[in-house]
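work_26.pdb follows (PDB, C-alpha atoms (C1' of nucleotides)):
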```
ATOM      1  CA  MET A   1     -38.346 -22.002  70.480
ATOM      2  CA  GLY A   2     -36.607 -22.247  73.841
ATOM      3  CA  GLU A   3     -35.388 -25.696  74.747
ATOM      4  CA  PRO A   4     -37.014 -28.410  72.670
ATOM      5  CA  GLU A   5     -38.543 -31.104  74.832
ATOM      6  CA  ASN A   6     -36.553 -34.261  75.145
ATOM      7  CA  VAL A   7     -38.561 -36.913  73.375
ATOM      8  CA  GLY A   8     -35.749 -39.387  73.109
ATOM      9  CA  TYR A   9     -34.834 -38.566  69.534
ATOM     10  CA  ASP A  10     -33.775 -35.496  67.639
ATOM     11  CA  ILE A  11     -36.743 -33.414  66.678
ATOM     12  CA  THR A  12     -34.680 -30.451  65.567
ATOM     13  CA  LEU A  13     -33.725 -29.545  62.053
ATOM     14  CA  PRO A  14     -30.010 -28.797  62.267
ATOM     15  CA  ALA A  15     -29.884 -26.717  59.120
ATOM     16  CA  ALA A  16     -32.822 -24.661  60.231
ATOM     17  CA  ASN A  17     -31.184 -24.036  63.553
ATOM     18  CA  ILE A  18     -27.950 -22.800  62.108
ATOM     19  CA  TYR A  19     -29.083 -20.785  59.133
ATOM     20  CA  GLU A  20     -32.420 -19.805  60.591
ATOM     21  CA  VAL A  21     -35.117 -19.139  58.090
ATOM     22  CA  ARG A  22     -35.036 -15.382  57.874
ATOM     23  CA  CYS A  23     -37.905 -13.098  57.141
ATOM     24  CA  PRO A  24     -37.294 -10.953  54.050
ATOM     25  CA  ILE A  25     -39.149  -8.080  55.676
ATOM     26  CA  LEU A  26     -36.760  -8.204  58.604
ATOM     27  CA  ARG A  27     -33.835  -8.354  56.244
ATOM     28  CA  ALA A  28     -35.078  -5.285  54.398
ATOM     29  CA  LEU A  29     -35.493  -3.511  57.711
ATOM     30  CA  GLU A  30     -31.874  -4.170  58.598
ATOM     31  CA  VAL A  31     -30.744  -2.376  55.490
ATOM     32  CA  ILE A  32     -33.240   0.443  55.175
ATOM     33  CA  GLY A  33     -34.276   0.813  58.796
ATOM     34  CA  GLY A  34     -33.551   3.883  60.827
ATOM     35  CA  LYS A  35     -34.553   7.468  60.463
ATOM     36  CA  TRP A  36     -32.791   8.535  57.279
ATOM     37  CA  LYS A  37     -32.156   5.638  54.914
ATOM     38  CA  LEU A  38     -35.482   5.786  53.123
ATOM     39  CA  PRO A  39     -35.555   9.581  52.675
ATOM     40  CA  LEU A  40     -31.982   9.383  51.427
ATOM     41  CA  LEU A  41     -32.706   6.651  48.942
ATOM     42  CA  TRP A  42     -35.736   8.547  47.778
ATOM     43  CA  HIS A  43     -33.725  11.661  47.025
ATOM     44  CA  LEU A  44     -31.302   9.584  45.004
ATOM     45  CA  ALA A  45     -34.014   8.055  42.863
ATOM     46  CA  ASP A  46     -33.603  10.573  40.065
ATOM     47  CA  GLY A  47     -29.881  10.274  39.642
ATOM     48  CA  ALA A  48     -26.522  11.022  41.207
ATOM     49  CA  VAL A  49     -26.441  13.680  43.895
ATOM     50  CA  ARG A  50     -23.570  15.406  45.637
ATOM     51  CA  PHE A  51     -22.980  15.217  49.358
ATOM     52  CA  ASN A  52     -23.893  18.780  50.138
ATOM     53  CA  ALA A  53     -26.870  18.698  47.844
ATOM     54  CA  LEU A  54     -28.228  15.787  49.852
ATOM     55  CA  HIS A  55     -27.441  17.672  53.009
ATOM     56  CA  ARG A  56     -29.678  20.452  51.802
ATOM     57  CA  GLU A  57     -32.440  18.384  50.250
ATOM     58  CA  VAL A  58     -32.946  15.895  53.015
ATOM     59  CA  ARG A  59     -34.251  18.383  55.534
ATOM     60  CA  GLY A  60     -33.063  17.964  59.041
ATOM     61  CA  ILE A  61     -30.347  15.373  58.545
ATOM     62  CA  THR A  62     -27.059  16.247  60.172
ATOM     63  CA  HIS A  63     -23.724  16.228  58.438
ATOM     64  CA  MET A  64     -22.694  13.250  60.517
ATOM     65  CA  MET A  65     -25.733  11.094  60.011
ATOM     66  CA  LEU A  66     -25.595  11.789  56.309
ATOM     67  CA  SER A  67     -22.036  10.575  56.159
ATOM     68  CA  LYS A  68     -22.785   7.541  58.298
ATOM     69  CA  CYS A  69     -25.887   6.492  56.378
ATOM     70  CA  LEU A  70     -24.247   6.926  53.008
ATOM     71  CA  LYS A  71     -21.409   4.731  54.143
ATOM     72  CA  GLU A  72     -23.725   2.014  55.383
ATOM     73  CA  LEU A  73     -25.835   2.088  52.266
ATOM     74  CA  GLU A  74     -22.688   1.862  50.207
ATOM     75  CA  GLY A  75     -21.547  -1.056  52.344
ATOM     76  CA  ASP A  76     -24.836  -2.804  51.672
ATOM     77  CA  GLY A  77     -24.367  -2.294  47.956
ATOM     78  CA  LEU A  78     -27.225   0.112  47.438
ATOM     79  CA  LEU A  79     -25.120   3.120  46.555
ATOM     80  CA  ARG A  80     -21.999   3.823  44.628
ATOM     81  CA  ARG A  81     -19.667   6.630  45.597
ATOM     82  CA  SER A  82     -17.640   8.411  42.969
ATOM     83  CA  GLU A  83     -15.196  11.261  43.192
ATOM     84  CA  CYS A  84     -15.071  13.856  40.505
ATOM     85  CA  GLY A  85     -11.958  15.502  41.851
ATOM     86  CA  GLY A  86     -10.932  18.817  40.411
ATOM     87  CA  LYS A  87      -9.461  21.631  42.458
ATOM     88  CA  VAL A  88     -12.230  21.321  44.984
ATOM     89  CA  ARG A  89     -13.327  17.915  46.054
ATOM     90  CA  HIS A  90     -16.561  16.625  44.602
ATOM     91  CA  VAL A  91     -18.258  13.399  45.552
ATOM     92  CA  GLU A  92     -21.370  11.981  44.003
ATOM     93  CA  TYR A  93     -23.624   9.222  45.199
ATOM     94  CA  ALA A  94     -25.860   7.181  42.940
ATOM     95  CA  LEU A  95     -28.047   4.129  43.320
ATOM     96  CA  THR A  96     -26.631   0.820  42.215
ATOM     97  CA  GLU A  97     -28.772  -1.737  40.470
ATOM     98  CA  ARG A  98     -29.549  -3.274  43.826
ATOM     99  CA  GLY A  99     -30.585   0.121  45.100
ATOM    100  CA  ARG A 100     -32.781   0.820  42.105
ATOM    101  CA  ARG A 101     -34.609  -2.439  42.632
ATOM    102  CA  LEU A 102     -35.886  -0.917  45.840
ATOM    103  CA  LEU A 103     -37.581   1.937  44.042
ATOM    104  CA  PRO A 104     -40.858   0.155  43.318
ATOM    105  CA  ALA A 105     -41.294  -0.372  47.042
ATOM    106  CA  LEU A 106     -40.426   3.254  47.731
ATOM    107  CA  ARG A 107     -42.914   4.464  45.160
ATOM    108  CA  GLU A 108     -45.683   2.428  46.737
ATOM    109  CA  LEU A 109     -44.753   3.787  50.122
ATOM    110  CA  TYR A 110     -44.738   7.302  48.744
ATOM    111  CA  ARG A 111     -48.171   6.886  47.235
ATOM    112  CA  TRP A 112     -49.505   5.525  50.474
ATOM    113  CA  GLY A 113     -47.956   8.366  52.448
ATOM    114  CA  GLU A 114     -49.569  10.857  50.098
ATOM    115  CA  GLU A 115     -52.958   9.313  50.714
ATOM    116  CA  GLN A 116     -52.525   9.575  54.443
ATOM    117  CA  LEU A 117     -51.476  13.195  54.257
ATOM    118  CA  SER A 118     -54.404  14.206  52.112
ATOM    119  CA  GLN A 119     -56.879  12.206  54.159
ATOM    120  CA  ASP A 120     -55.662  13.375  57.535
ATOM    121  CA  GLY A 121     -55.473  16.922  56.248
ATOM    122  CA  GLY A 122     -58.787  17.009  54.402
ATOM    123  CA  GLY A 123     -61.727  14.997  55.624
ATOM    124  CA  ARG A 124     -60.905  12.011  57.738
ATOM    125  CA  THR A 125     -62.635   9.038  56.275
ATOM    126  CA  GLY A 126     -62.001   7.279  59.511
ATOM    127  CA  ASP A 127     -62.388   3.832  58.048
ATOM    128  CA  ALA A 128     -64.581   2.932  60.999
ATOM    129  CA  GLY A 129     -67.256   0.482  60.078
ATOM    130  CA  GLN A 130     -65.808  -0.753  56.837
ATOM    131  CA  SER A 131     -65.109  -4.390  56.252
TER     132      SER A 131
ATOM    133  CA  MET B   1     -36.360  27.653  58.879
ATOM    134  CA  GLY B   2     -35.259  29.208  62.160
ATOM    135  CA  GLU B   3     -35.933  32.905  62.455
ATOM    136  CA  PRO B   4     -36.520  34.551  59.087
ATOM    137  CA  GLU B   5     -34.408  37.674  58.596
ATOM    138  CA  ASN B   6     -36.182  40.949  59.032
ATOM    139  CA  VAL B   7     -36.188  42.576  55.626
ATOM    140  CA  GLY B   8     -38.927  45.036  56.365
ATOM    141  CA  TYR B   9     -41.667  43.048  54.709
ATOM    142  CA  ASP B  10     -43.083  39.605  55.070
ATOM    143  CA  ILE B  11     -41.060  37.069  53.143
ATOM    144  CA  THR B  12     -42.750  34.080  54.689
ATOM    145  CA  LEU B  13     -45.531  32.011  53.251
ATOM    146  CA  PRO B  14     -47.964  31.722  56.134
ATOM    147  CA  ALA B  15     -49.720  28.652  54.851
ATOM    148  CA  ALA B  16     -46.454  26.896  54.188
ATOM    149  CA  ASN B  17     -45.235  27.688  57.659
ATOM    150  CA  ILE B  18     -48.257  26.327  59.389
ATOM    151  CA  TYR B  19     -49.049  23.251  57.325
ATOM    152  CA  GLU B  20     -45.501  22.604  56.224
ATOM    153  CA  VAL B  21     -45.134  20.714  52.991
ATOM    154  CA  ARG B  22     -44.550  17.237  54.286
ATOM    155  CA  CYS B  23     -42.752  14.391  52.644
ATOM    156  CA  PRO B  24     -45.003  11.359  52.172
ATOM    157  CA  ILE B  25     -42.077   9.056  52.842
ATOM    158  CA  LEU B  26     -41.535  10.727  56.193
ATOM    159  CA  ARG B  27     -45.211  10.471  56.949
ATOM    160  CA  ALA B  28     -45.187   6.774  56.175
ATOM    161  CA  LEU B  29     -42.185   6.348  58.425
ATOM    162  CA  GLU B  30     -44.027   7.938  61.332
ATOM    163  CA  VAL B  31     -46.717   5.314  61.077
ATOM    164  CA  ILE B  32     -44.787   2.195  60.159
ATOM    165  CA  GLY B  33     -41.391   3.084  61.592
ATOM    166  CA  GLY B  34     -39.835   1.218  64.452
ATOM    167  CA  LYS B  35     -38.805  -2.361  64.880
ATOM    168  CA  TRP B  36     -42.099  -4.227  64.788
ATOM    169  CA  LYS B  37     -44.779  -2.400  62.808
ATOM    170  CA  LEU B  38     -43.861  -3.824  59.419
ATOM    171  CA  PRO B  39     -43.461  -7.433  60.562
ATOM    172  CA  LEU B  40     -46.758  -7.099  62.394
ATOM    173  CA  LEU B  41     -48.586  -5.702  59.407
ATOM    174  CA  TRP B  42     -47.094  -8.414  57.276
ATOM    175  CA  HIS B  43     -48.420 -11.164  59.509
ATOM    176  CA  LEU B  44     -51.866  -9.621  59.327
ATOM    177  CA  ALA B  45     -51.911  -9.556  55.557
ATOM    178  CA  ASP B  46     -53.773 -12.846  55.234
ATOM    179  CA  GLY B  47     -56.592 -12.076  57.616
ATOM    180  CA  ALA B  48     -57.537 -11.547  61.237
ATOM    181  CA  VAL B  49     -55.137 -12.887  63.828
ATOM    182  CA  ARG B  50     -55.443 -13.283  67.564
ATOM    183  CA  PHE B  51     -53.163 -11.568  70.040
ATOM    184  CA  ASN B  52     -51.326 -14.648  71.179
ATOM    185  CA  ALA B  53     -51.077 -15.991  67.672
ATOM    186  CA  LEU B  54     -49.238 -12.834  66.689
ATOM    187  CA  HIS B  55     -47.102 -13.183  69.763
ATOM    188  CA  ARG B  56     -46.007 -16.575  68.496
ATOM    189  CA  GLU B  57     -45.698 -15.784  64.818
ATOM    190  CA  VAL B  58     -43.790 -12.538  65.075
ATOM    191  CA  ARG B  59     -40.668 -14.089  66.481
ATOM    192  CA  GLY B  60     -38.970 -12.145  69.175
ATOM    193  CA  ILE B  61     -41.566  -9.510  69.903
ATOM    194  CA  THR B  62     -42.409  -9.101  73.550
ATOM    195  CA  HIS B  63     -45.862  -9.165  75.008
ATOM    196  CA  MET B  64     -45.546  -5.481  75.814
ATOM    197  CA  MET B  65     -44.298  -4.255  72.479
ATOM    198  CA  LEU B  66     -46.976  -6.267  70.751
ATOM    199  CA  SER B  67     -49.648  -4.601  72.818
ATOM    200  CA  LYS B  68     -48.134  -1.166  72.300
ATOM    201  CA  CYS B  69     -47.675  -1.492  68.560
ATOM    202  CA  LEU B  70     -51.149  -2.896  68.001
ATOM    203  CA  LYS B  71     -52.582   0.027  69.889
ATOM    204  CA  GLU B  72     -50.635   2.552  67.859
ATOM    205  CA  LEU B  73     -51.511   0.922  64.577
ATOM    206  CA  GLU B  74     -55.128   0.907  65.617
ATOM    207  CA  GLY B  75     -54.840   4.569  66.533
ATOM    208  CA  ASP B  76     -53.481   5.282  63.076
ATOM    209  CA  GLY B  77     -56.415   3.493  61.523
ATOM    210  CA  LEU B  78     -54.466   0.595  60.065
ATOM    211  CA  LEU B  79     -55.969  -2.088  62.241
ATOM    212  CA  ARG B  80     -59.299  -2.905  63.701
ATOM    213  CA  ARG B  81     -59.654  -4.643  67.016
ATOM    214  CA  SER B  82     -62.580  -6.908  67.706
ATOM    215  CA  GLU B  83     -63.498  -8.971  70.694
ATOM    216  CA  CYS B  84     -65.074 -12.350  70.310
ATOM    217  CA  GLY B  85     -65.821 -12.779  73.960
ATOM    218  CA  GLY B  86     -66.925 -16.181  75.161
ATOM    219  CA  LYS B  87     -65.863 -17.690  78.453
ATOM    220  CA  VAL B  88     -62.256 -16.890  77.754
ATOM    221  CA  ARG B  89     -61.416 -13.574  76.244
ATOM    222  CA  HIS B  90     -60.594 -13.516  72.559
ATOM    223  CA  VAL B  91     -59.388 -10.538  70.626
ATOM    224  CA  GLU B  92     -58.714 -10.398  66.932
ATOM    225  CA  TYR B  93     -56.862  -7.857  64.917
ATOM    226  CA  ALA B  94     -57.386  -7.278  61.216
ATOM    227  CA  LEU B  95     -56.214  -4.756  58.661
ATOM    228  CA  THR B  96     -58.558  -1.946  57.789
ATOM    229  CA  GLU B  97     -58.885  -0.686  54.251
ATOM    230  CA  ARG B  98     -56.189   1.862  55.002
ATOM    231  CA  GLY B  99     -53.981  -0.904  56.266
ATOM    232  CA  ARG B 100     -54.571  -3.088  53.246
ATOM    233  CA  ARG B 101     -53.555  -0.267  50.960
ATOM    234  CA  LEU B 102     -50.110  -0.626  52.424
ATOM    235  CA  LEU B 103     -49.802  -4.212  51.260
ATOM    236  CA  PRO B 104     -48.479  -3.458  47.776
ATOM    237  CA  ALA B 105     -45.572  -1.633  49.347
ATOM    238  CA  LEU B 106     -44.985  -4.487  51.756
ATOM    239  CA  ARG B 107     -45.021  -7.024  48.961
ATOM    240  CA  GLU B 108     -42.417  -5.064  47.052
ATOM    241  CA  LEU B 109     -40.291  -4.830  50.161
ATOM    242  CA  TYR B 110     -40.694  -8.534  50.734
ATOM    243  CA  ARG B 111     -39.610  -9.358  47.211
ATOM    244  CA  TRP B 112     -36.591  -7.135  47.562
ATOM    245  CA  GLY B 113     -35.680  -8.673  50.900
ATOM    246  CA  GLU B 114     -35.873 -12.122  49.352
ATOM    247  CA  GLU B 115     -33.462 -11.091  46.636
ATOM    248  CA  GLN B 116     -30.989  -9.826  49.183
ATOM    249  CA  LEU B 117     -31.178 -12.988  51.236
ATOM    250  CA  SER B 118     -30.614 -15.253  48.285
ATOM    251  CA  GLN B 119     -27.833 -13.105  46.876
ATOM    252  CA  ASP B 120     -25.995 -12.624  50.149
ATOM    253  CA  GLY B 121     -26.464 -16.264  51.010
ATOM    254  CA  GLY B 122     -25.558 -17.763  47.650
ATOM    255  CA  GLY B 123     -23.077 -16.003  45.413
ATOM    256  CA  ARG B 124     -22.661 -12.343  46.073
ATOM    257  CA  THR B 125     -23.076 -10.509  42.838
ATOM    258  CA  GLY B 126     -21.499  -7.546  44.493
ATOM    259  CA  ASP B 127     -22.885  -5.076  42.006
ATOM    260  CA  ALA B 128     -19.475  -3.455  41.884
ATOM    261  CA  GLY B 129     -18.614  -2.128  38.487
ATOM    262  CA  GLN B 130     -22.074  -2.133  37.015
ATOM    263  CA  SER B 131     -23.559   1.021  35.634
TER     264      SER B 131
ATOM    265  C1'  DC C   1     -16.013  20.219  49.843
ATOM    266  C1'  DC C   2     -16.081  15.921  52.269
ATOM    267  C1'  DG C   3     -15.289  12.764  56.193
ATOM    268  C1'  DT C   4     -14.492  11.200  60.891
ATOM    269  C1'  DA C   5     -13.773  11.225  66.267
ATOM    270  C1'  DT C   6     -15.677  12.233  70.535
ATOM    271  C1'  DC C   7     -18.999  13.132  73.651
ATOM    272  C1'  DC C   8     -23.755  13.057  75.349
ATOM    273  C1'  DT C   9     -28.743  12.676  75.638
ATOM    274  C1'  DG C  10     -33.519  10.738  74.934
ATOM    275  C1'  DG C  11     -36.474   7.590  74.223
ATOM    276  C1'  DG C  12     -37.333   3.032  71.958
ATOM    277  C1'  DG C  13     -37.792  -1.151  73.464
ATOM    278  C1'  DG C  14     -36.747  -5.273  76.770
ATOM    279  C1'  DA C  15     -37.836  -7.726  81.533
ATOM    280  C1'  DT C  16     -40.871  -8.496  84.971
ATOM    281  C1'  DA C  17     -44.872  -8.504  87.474
ATOM    282  C1'  DC C  18     -49.713  -7.386  88.284
ATOM    283  C1'  DT C  19     -54.912  -6.897  86.860
ATOM    284  C1'  DG C  20     -59.370  -8.204  84.743
TER     285       DG C  20
ATOM    286  C1'  DC D   1     -56.275 -14.759  77.163
ATOM    287  C1'  DA D   2     -55.355  -9.819  76.765
ATOM    288  C1'  DG D   3     -53.541  -5.504  78.541
ATOM    289  C1'  DT D   4     -51.012  -2.272  81.645
ATOM    290  C1'  DA D   5     -47.494  -0.375  84.964
ATOM    291  C1'  DT D   6     -42.676   0.148  86.186
ATOM    292  C1'  DC D   7     -38.167   0.083  85.872
ATOM    293  C1'  DC D   8     -34.016   0.247  83.272
ATOM    294  C1'  DC D   9     -30.583  -0.178  79.770
ATOM    295  C1'  DC D  10     -28.602   0.731  75.565
ATOM    296  C1'  DC D  11     -27.632   2.790  71.406
ATOM    297  C1'  DA D  12     -29.453   5.664  67.399
ATOM    298  C1'  DG D  13     -28.733   9.858  66.413
ATOM    299  C1'  DG D  14     -27.584  14.998  67.533
ATOM    300  C1'  DA D  15     -23.785  18.700  68.631
ATOM    301  C1'  DT D  16     -19.376  20.049  68.037
ATOM    302  C1'  DA D  17     -14.848  20.187  66.388
ATOM    303  C1'  DC D  18     -10.891  18.687  63.890
ATOM    304  C1'  DG D  19      -8.452  16.843  59.521
ATOM    305  C1'  DG D  20      -7.546  16.055  54.554
TER     306       DG D  20
END
```

I'd like the structure from this file rewritten - as structure tokens, please.
Amino acid sequence: MGEPENVGYDITLPAANIYEVRCPILRALEVIGGKWKLPLLWHLADGAVRFNALHREVRGITHMMLSKCLKELEGDGLLRRSECGGKVRHVEYALTERGRRLLPALRELYRWGEEQLSQDGGGRTGDAGQS
Amino acid sequence: MGEPENVGYDITLPAANIYEVRCPILRALEVIGGKWKLPLLWHLADGAVRFNALHREVRGITHMMLSKCLKELEGDGLLRRSECGGKVRHVEYALTERGRRLLPALRELYRWGEEQLSQDGGGRTGDAGQS
DNA sequence: CCGTATCCTGGGGGATACTG
DNA sequence: CAGTATCCCCCAGGATACGG
């Protein structure tokens, strides 16, 4: 891009300049990027989970990041938050339809990750010399 | 984790402590995490691409990050680097088998990203109130 | 039990310039 | 054309503590 050369007439496509053609991969990255979004989503795949349960299951995440990520994911329409208030406060998070549509991608990623773990742990195939 | 309490006998599982049970999703994130790995991989899906071609196609990536990411991906066995040296230097990068196995996941992500773009751009369905 | 405010640090990633 | 070295900034994410 940069400045288009001046050729005497307009060579730009106005619409394309304003609403730039966006890469879906980049878009996905905006929503699920970062250190915890994917692990979080993954742990919600099987159904609604409570805040503290997530805190325990998603090893290493801090209270704060959990709260922040859940909020963002909710804002992006991937999660739904629901209170089941009794005496003590209970909050559950569950995937929305939009969130569930991400699961196929997560499953593929999971499978791939498994492969890597087993290969790097067992015998490295190396992949060197294959087409 | 942390220090296990001393209960007089060994309550730890040695093997589990050394080769901790690792989450495949986390493993995948180590390899393809960051701002540019996924876009890069995506642009290599169709075949070998030259350094400068990638520099142009992956909008916004800097010369340096491109070099760094390619190196890391090569180190992780996802890419293969090959020189086609003539007068001027030419270097091509292509997915290895390991790299190609990631494509199904990328395609799913791409499809999902497309959905989001069209929904957020056109009429937001919102997803609020659906089961 | 759940959420947020504040503070602080590390390293991811950009700019620039140099080499082969 | 391809790759590296250096410097530097910024903010994602951790620690801690308070509030409903």

Chain and number of each residue from the PyMOL selection byres ((chain A) within 6 of (chain B)), as a PyMOL selection string: chain A and resi 24-25+27-28+105+108-110+113-114

What's around segment 2-7 of chain C at 8 Å? Count only C-alpha atoms (C1' of nucleotides), leave out sequence neighbours fewer than 4 positions away in its own chain, and write the answer as a PyMOL selection string. chain A and resi 51+67+89-91

Pull out every residue of chain B that has at least one atom within 12 Å of chain D, counting all atoms listed in the file, and report them as a PyMOL selection string. chain B and resi 34+50-53+55+63-68+70-71+81-92

Using the chain letters and residue numbers of this document, give as a ChimeraX atom specification the residues selected by the PyMOL selection byres ((chain C) within 9 of (chain B)). /C:12-14

Could you please determine the separation between atom CA of Glu57 of chain A and atom C1' of DC1 of chain C in Å, to one decimal place?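 Between atom CA of Glu57 of chain A and atom C1' of DC1 of chain C the gap is 16.5 Å.
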
Just to confirm, what's the straight-line distance from atom CA of Arg100 of chain B to atom CA of Lys37 of chain B in Å (one decimal)?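 Separation between atom CA of Arg100 of chain B and atom CA of Lys37 of chain B: 13.7 Å.
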
Could you check how far atom CA of His43 of chain B sits from atom CA of Leu73 of chain A, in Å to one decimal? 27.2 Å

Kindly output segment 66-74 of chain B as a PDB file, in the frame of the given file, after building all heavy atoms.
```pdb
ATOM      1  N   LEU B  66     -45.863  -5.856  71.586  1.00  0.00           N
ATOM      2  CA  LEU B  66     -46.976  -6.267  70.751  1.00  0.00           C
ATOM      3  C   LEU B  66     -48.210  -5.434  71.087  1.00  0.00           C
ATOM      4  O   LEU B  66     -48.845  -4.833  70.218  1.00  0.00           O
ATOM      5  CB  LEU B  66     -47.266  -7.756  70.966  1.00  0.00           C
ATOM      6  CG  LEU B  66     -48.452  -8.320  70.195  1.00  0.00           C
ATOM      7  CD1 LEU B  66     -48.311  -8.053  68.711  1.00  0.00           C
ATOM      8  CD2 LEU B  66     -48.586  -9.818  70.445  1.00  0.00           C
ATOM      9  N   SER B  67     -48.503  -5.368  72.363  1.00  0.00           N
ATOM     10  CA  SER B  67     -49.648  -4.601  72.818  1.00  0.00           C
ATOM     11  C   SER B  67     -49.531  -3.137  72.400  1.00  0.00           C
ATOM     12  O   SER B  67     -50.479  -2.540  71.877  1.00  0.00           O
ATOM     13  CB  SER B  67     -49.735  -4.697  74.341  1.00  0.00           C
ATOM     14  OG  SER B  67     -50.788  -3.912  74.828  1.00  0.00           O
ATOM     15  N   LYS B  68     -48.368  -2.576  72.606  1.00  0.00           N
ATOM     16  CA  LYS B  68     -48.134  -1.166  72.300  1.00  0.00           C
ATOM     17  C   LYS B  68     -48.281  -0.881  70.806  1.00  0.00           C
ATOM     18  O   LYS B  68     -48.976   0.049  70.408  1.00  0.00           O
ATOM     19  CB  LYS B  68     -46.719  -0.800  72.769  1.00  0.00           C
ATOM     20  CG  LYS B  68     -46.340   0.648  72.635  1.00  0.00           C
ATOM     21  CD  LYS B  68     -45.171   0.989  73.555  1.00  0.00           C
ATOM     22  CE  LYS B  68     -44.610   2.360  73.273  1.00  0.00           C
ATOM     23  NZ  LYS B  68     -43.534   2.335  72.253  1.00  0.00           N
ATOM     24  N   CYS B  69     -47.642  -1.702  70.004  1.00  0.00           N
ATOM     25  CA  CYS B  69     -47.675  -1.492  68.560  1.00  0.00           C
ATOM     26  C   CYS B  69     -49.087  -1.642  68.002  1.00  0.00           C
ATOM     27  O   CYS B  69     -49.513  -0.852  67.160  1.00  0.00           O
ATOM     28  CB  CYS B  69     -46.737  -2.473  67.860  1.00  0.00           C
ATOM     29  SG  CYS B  69     -44.999  -2.094  68.111  1.00  0.00           S
ATOM     30  N   LEU B  70     -49.786  -2.676  68.477  1.00  0.00           N
ATOM     31  CA  LEU B  70     -51.149  -2.896  68.001  1.00  0.00           C
ATOM     32  C   LEU B  70     -52.008  -1.672  68.305  1.00  0.00           C
ATOM     33  O   LEU B  70     -52.799  -1.218  67.477  1.00  0.00           O
ATOM     34  CB  LEU B  70     -51.744  -4.137  68.662  1.00  0.00           C
ATOM     35  CG  LEU B  70     -51.194  -5.476  68.176  1.00  0.00           C
ATOM     36  CD1 LEU B  70     -51.708  -6.619  69.039  1.00  0.00           C
ATOM     37  CD2 LEU B  70     -51.558  -5.699  66.713  1.00  0.00           C
ATOM     38  N   LYS B  71     -51.811  -1.137  69.473  1.00  0.00           N
ATOM     39  CA  LYS B  71     -52.582   0.027  69.889  1.00  0.00           C
ATOM     40  C   LYS B  71     -52.292   1.223  68.982  1.00  0.00           C
ATOM     41  O   LYS B  71     -53.200   1.926  68.545  1.00  0.00           O
ATOM     42  CB  LYS B  71     -52.211   0.365  71.329  1.00  0.00           C
ATOM     43  CG  LYS B  71     -53.257   1.155  72.058  1.00  0.00           C
ATOM     44  CD  LYS B  71     -52.782   1.361  73.482  1.00  0.00           C
ATOM     45  CE  LYS B  71     -53.889   1.855  74.392  1.00  0.00           C
ATOM     46  NZ  LYS B  71     -53.381   1.984  75.775  1.00  0.00           N
ATOM     47  N   GLU B  72     -51.019   1.424  68.708  1.00  0.00           N
ATOM     48  CA  GLU B  72     -50.635   2.552  67.859  1.00  0.00           C
ATOM     49  C   GLU B  72     -51.160   2.390  66.440  1.00  0.00           C
ATOM     50  O   GLU B  72     -51.671   3.334  65.843  1.00  0.00           O
ATOM     51  CB  GLU B  72     -49.108   2.697  67.844  1.00  0.00           C
ATOM     52  CG  GLU B  72     -48.542   3.192  69.168  1.00  0.00           C
ATOM     53  CD  GLU B  72     -47.022   3.194  69.175  1.00  0.00           C
ATOM     54  OE1 GLU B  72     -46.419   2.921  68.105  1.00  0.00           O
ATOM     55  OE2 GLU B  72     -46.437   3.447  70.232  1.00  0.00           O
ATOM     56  N   LEU B  73     -51.030   1.175  65.935  1.00  0.00           N
ATOM     57  CA  LEU B  73     -51.511   0.922  64.577  1.00  0.00           C
ATOM     58  C   LEU B  73     -53.019   1.097  64.502  1.00  0.00           C
ATOM     59  O   LEU B  73     -53.552   1.586  63.502  1.00  0.00           O
ATOM     60  CB  LEU B  73     -51.108  -0.485  64.126  1.00  0.00           C
ATOM     61  CG  LEU B  73     -49.615  -0.669  63.837  1.00  0.00           C
ATOM     62  CD1 LEU B  73     -49.283  -2.134  63.586  1.00  0.00           C
ATOM     63  CD2 LEU B  73     -49.187   0.183  62.654  1.00  0.00           C
ATOM     64  N   GLU B  74     -53.687   0.715  65.575  1.00  0.00           N
ATOM     65  CA  GLU B  74     -55.128   0.907  65.617  1.00  0.00           C
ATOM     66  C   GLU B  74     -55.432   2.405  65.649  1.00  0.00           C
ATOM     67  O   GLU B  74     -56.320   2.880  64.941  1.00  0.00           O
ATOM     68  CB  GLU B  74     -55.714   0.222  66.854  1.00  0.00           C
ATOM     69  CG  GLU B  74     -57.221   0.071  66.789  1.00  0.00           C
ATOM     70  CD  GLU B  74     -57.806  -0.299  68.139  1.00  0.00           C
ATOM     71  OE1 GLU B  74     -57.035  -0.495  69.106  1.00  0.00           O
ATOM     72  OE2 GLU B  74     -59.049  -0.353  68.237  1.00  0.00           O
TER      73      GLU B  74
END
```
